[in-house]
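Peer 1: One structure, as structure tokens, below. Some questions next.
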Amino acid sequence: MTLLMAGPLFITAFDSFRKVSYGDPGLFVGFANYAATLGDQRFWAAAGFTTVYTAAMTAGKIVGGYVVGLMLNAVRAKARAFFLGLLLVPYVVPTVIGALVFSWLFNSTFGGFVNVLLAPLGIAPDWFTDPAAAKFLLIFHSIWHESAFGILVLVAALQSVPRERIEAAALDGAGWWQTQWRIVMPSIRGFIGFIALISIMDGFRVFDSIRMITPAASTVGTESLMTYVYNVALGETQQLGLASAINVITIIIILIFLVPFIRQTWREMKSA
Amino acid sequence: MAYIGLSVAAFVAVFPFVWAFLTSIKPYTDAFISPPVWSFTPQITAYEQLWYATEFASFGVNTIVVGVVTVIISLIVGAPAAYALSRFDSRISLWLLVLALVFRSLPRFVVVLPFYSIAQALNIYDTQLMLIIALVAVNQPFTIWLLRNFFAELPRELEEAAQIDGCSRFGAFRRVIMPLAGPGLVTAGIFTFLLAIQEYLIPVVLTQQHATTLSVFIASFGIAEDTALYQLIAAASILLALPIIALAFLAQKFLVTGLTGGAIKG
């Protein structure tokens, strides 16, 4: 089982040092693939957008999840299950399908629903060719698509905050904001960290939605590390070695971001 | 207040699907006008065409077969492994958590590109076998972690009692533990099935036409810029989304546990 995952990981690392395509024996080239990647403007653009995308999605998911989580905890259990069911929909439907139908709301071919709404404000962005609008659209989609996860975790987290502490704070004269900021937030920090952890891992791997919403990603600045790998490995060229090097670099970036979270989880589990 | 806020959030969540549904039942002349038309005569032409003129049905069957087999293999392999891990001391399960997290965070391409090369070499490219192997490999760490949490909650005394009564170690696992682990298995099963259906990158790289799943089928039409097909895609999206949406309501309890990955119970 582990072999099924560790094997490909090993092959990827091995290939990253070779100039190789499918079915040819390949040639050992040392760090040439890494040098080529790090010297490529397109790589840095993709890495930059992926980082911004991940950060915005993570923040949106946590804020959205917190707000909706508070509201869900304020309604009756039956209503909670009903709303939760609806809120789960974007998350459980296949990403490519969700991205497609989501993008139609912004597409004038399909009636341009959102631009009709925006018309009174005097703005009519071209969502699919204007780089800034396209980036915003992708980030907005990611929050629409993934908020359910933040909501699920935070609903449970908020229920775990002892009621006595909130009541005690109220007795001491703390306002609503103060209570949230000083009492609730600190006691659910671990859950927020968990959402951030999963979100960072998923954000750096984003592929499906970009492929659906902006198929020509490199021309509108919405290319992610993974759509870039796709083009290098299977699209424009078939450079398996180069693609493997980009994969290894992506893994290293993800790991760097993950280390603090893994250490925190580790400490919490050890003390638990 | 909370009800108004939740209604707005829920509306935003499902509206794109409502829109796609409207697109699928509008007459062709009304479907692609801006600003949108709200009154029209609904029709089901798109659904008829989808069913009779495309391979939607056969890809649908393939998707279900791949999903079900992936679930069965994942559980057969995952359950004993998860059980064994739940009975080790906590230090090892800490490492397992880290390992599962690291594997979960690996970019799909790290797995898919080597599998693509291997599939070409072994001549099993574009087969259900290859697709299922890749899906199991990718989902397994998480399945095992999820099941481990369920098994860890069952008291050890249960199987000790069974062993005293003459069961073998495996017999105790099969007769005593497995029946009690029902909810855990259902959760892991639903979750694995959903992941198999949702997956796009793996089938799009590893299949071409024989073993293709519905996600890939719909996506390939979605990228092709052919207005004539758009209503069919809308219809196909709705047909694929509906059963999954039903699941979100009927199996909510299991889904919630699966999606949060036992994080809440820890």
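Going through the structure tokens in order, the chains are called A, B, and so on, while each chain numbers its residues from 1 and the ligands are numbered from 1 in the order shown.
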Within 7 Å of chain A, which residues belong to chain B? Use only C-alpha atoms and report them as number ranges by chain.

Peer 2: B: 2, 6, 10, 13-14, 16-17, 20, 31-36, 105-107, 110-111, 114, 117, 137, 197-198, 200, 215, 219, 222-223, 237, 241, 244-245, 248-249, 252, 256, 260

Peer 1: What does the distance between atom CA of A:Gly39 and atom CA of A:Thr222 come to in Å, to one decimal place?

Peer 2: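 Calculated distance between atom CA of A:Gly39 and atom CA of A:Thr222 is 19.5 Å.
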
Peer 1: Hey, what's within 12 Å of B:Thr192 if we count only C-alpha atoms and toss same-chain stuff fewer than 4 positions away? As number ranges by chain, please?

Peer 2: A: 92; B: 66-75, 78, 132, 135-144, 146-147, 185-188, 196-199, 254-255, 258-259, 261

Peer 1: Take the residues from that selection and put them in a file with N, CA and C atoms, as a short mmCIF file (atom, residue, chain, number, x, y, z; two decimals), in the first residue's frame.

Peer 2:
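Result file follows (again_34.cif):
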```cif
data_model
loop_
_atom_site.label_atom_id
_atom_site.label_comp_id
_atom_site.auth_asym_id
_atom_site.auth_seq_id
_atom_site.Cartn_x
_atom_site.Cartn_y
_atom_site.Cartn_z
N VAL A 92 -19.45 18.71 -2.42
CA VAL A 92 -19.51 17.28 -2.73
C VAL A 92 -19.67 16.99 -4.22
N VAL B 66 -16.29 1.77 -11.57
CA VAL B 66 -14.98 2.17 -11.04
C VAL B 66 -15.11 2.60 -9.58
N GLY B 67 -16.15 3.38 -9.28
CA GLY B 67 -16.35 3.85 -7.91
C GLY B 67 -16.56 2.70 -6.94
N VAL B 68 -17.45 1.76 -7.31
CA VAL B 68 -17.78 0.66 -6.41
C VAL B 68 -16.56 -0.25 -6.19
N VAL B 69 -15.87 -0.60 -7.27
CA VAL B 69 -14.70 -1.48 -7.12
C VAL B 69 -13.62 -0.79 -6.28
N THR B 70 -13.43 0.51 -6.51
CA THR B 70 -12.45 1.24 -5.71
C THR B 70 -12.80 1.18 -4.22
N VAL B 71 -14.09 1.34 -3.92
CA VAL B 71 -14.53 1.28 -2.52
C VAL B 71 -14.23 -0.10 -1.94
N ILE B 72 -14.61 -1.16 -2.68
CA ILE B 72 -14.43 -2.52 -2.15
C ILE B 72 -12.96 -2.81 -1.87
N ILE B 73 -12.10 -2.49 -2.86
CA ILE B 73 -10.67 -2.76 -2.66
C ILE B 73 -10.11 -1.93 -1.51
N SER B 74 -10.49 -0.64 -1.49
CA SER B 74 -9.98 0.24 -0.43
C SER B 74 -10.32 -0.31 0.95
N LEU B 75 -11.57 -0.80 1.10
CA LEU B 75 -12.00 -1.28 2.41
C LEU B 75 -11.33 -2.61 2.76
N GLY B 78 -7.83 -1.62 3.42
CA GLY B 78 -7.68 -0.61 4.46
C GLY B 78 -8.10 -1.06 5.84
N ILE B 132 -8.44 2.19 -11.35
CA ILE B 132 -8.78 1.80 -9.98
C ILE B 132 -7.54 1.72 -9.11
N LEU B 135 -6.62 5.23 -8.16
CA LEU B 135 -7.57 5.83 -7.20
C LEU B 135 -7.36 5.25 -5.81
N VAL B 136 -7.17 3.92 -5.74
CA VAL B 136 -6.95 3.30 -4.44
C VAL B 136 -5.67 3.86 -3.81
N ALA B 137 -4.61 3.96 -4.62
CA ALA B 137 -3.33 4.43 -4.08
C ALA B 137 -3.47 5.83 -3.51
N VAL B 138 -4.18 6.70 -4.21
CA VAL B 138 -4.28 8.08 -3.78
C VAL B 138 -5.16 8.22 -2.53
N ASN B 139 -6.23 7.43 -2.46
CA ASN B 139 -7.16 7.61 -1.35
C ASN B 139 -6.85 6.79 -0.11
N GLN B 140 -5.99 5.79 -0.28
CA GLN B 140 -5.75 4.85 0.80
C GLN B 140 -5.25 5.47 2.12
N PRO B 141 -4.26 6.37 2.08
CA PRO B 141 -3.77 6.90 3.37
C PRO B 141 -4.90 7.50 4.19
N PHE B 142 -5.78 8.21 3.51
CA PHE B 142 -6.86 8.88 4.22
C PHE B 142 -7.89 7.88 4.73
N THR B 143 -8.23 6.88 3.90
CA THR B 143 -9.17 5.85 4.32
C THR B 143 -8.67 5.16 5.59
N ILE B 144 -7.39 4.82 5.58
CA ILE B 144 -6.83 4.11 6.72
C ILE B 144 -6.86 4.99 7.97
N LEU B 146 -8.92 7.39 8.63
CA LEU B 146 -10.32 7.51 9.04
C LEU B 146 -10.77 6.26 9.80
N LEU B 147 -10.49 5.09 9.24
CA LEU B 147 -10.91 3.84 9.87
C LEU B 147 -10.19 3.62 11.19
N LEU B 185 -17.15 1.90 8.53
CA LEU B 185 -16.99 1.37 7.17
C LEU B 185 -17.88 2.12 6.19
N VAL B 186 -19.12 2.42 6.63
CA VAL B 186 -20.03 3.16 5.75
C VAL B 186 -19.44 4.54 5.44
N THR B 187 -18.94 5.21 6.48
CA THR B 187 -18.35 6.53 6.27
C THR B 187 -17.19 6.46 5.30
N ALA B 188 -16.27 5.54 5.56
CA ALA B 188 -15.10 5.42 4.70
C ALA B 188 -15.52 5.05 3.27
N ALA B 196 -13.74 8.98 -5.71
CA ALA B 196 -13.54 8.32 -7.00
C ALA B 196 -14.35 9.02 -8.09
N ILE B 197 -15.57 9.45 -7.74
CA ILE B 197 -16.40 10.12 -8.73
C ILE B 197 -15.90 11.53 -9.02
N GLN B 198 -15.41 12.19 -7.96
CA GLN B 198 -14.98 13.58 -8.11
C GLN B 198 -13.69 13.72 -8.89
N GLU B 199 -12.84 12.71 -8.80
CA GLU B 199 -11.50 12.82 -9.35
C GLU B 199 -11.52 13.17 -10.84
N PHE B 254 -22.80 10.76 8.05
CA PHE B 254 -21.59 10.05 7.63
C PHE B 254 -20.65 10.99 6.89
N LEU B 255 -21.25 11.81 6.02
CA LEU B 255 -20.44 12.73 5.23
C LEU B 255 -19.67 13.68 6.11
N GLY B 258 -16.81 11.99 7.60
CA GLY B 258 -15.78 11.67 6.61
C GLY B 258 -15.04 12.90 6.13
N LEU B 259 -15.78 13.98 5.87
CA LEU B 259 -15.15 15.16 5.31
C LEU B 259 -14.20 15.82 6.28
N GLY B 261 -12.65 14.20 8.40
CA GLY B 261 -11.56 13.25 8.57
C GLY B 261 -11.29 12.84 10.00
#
```
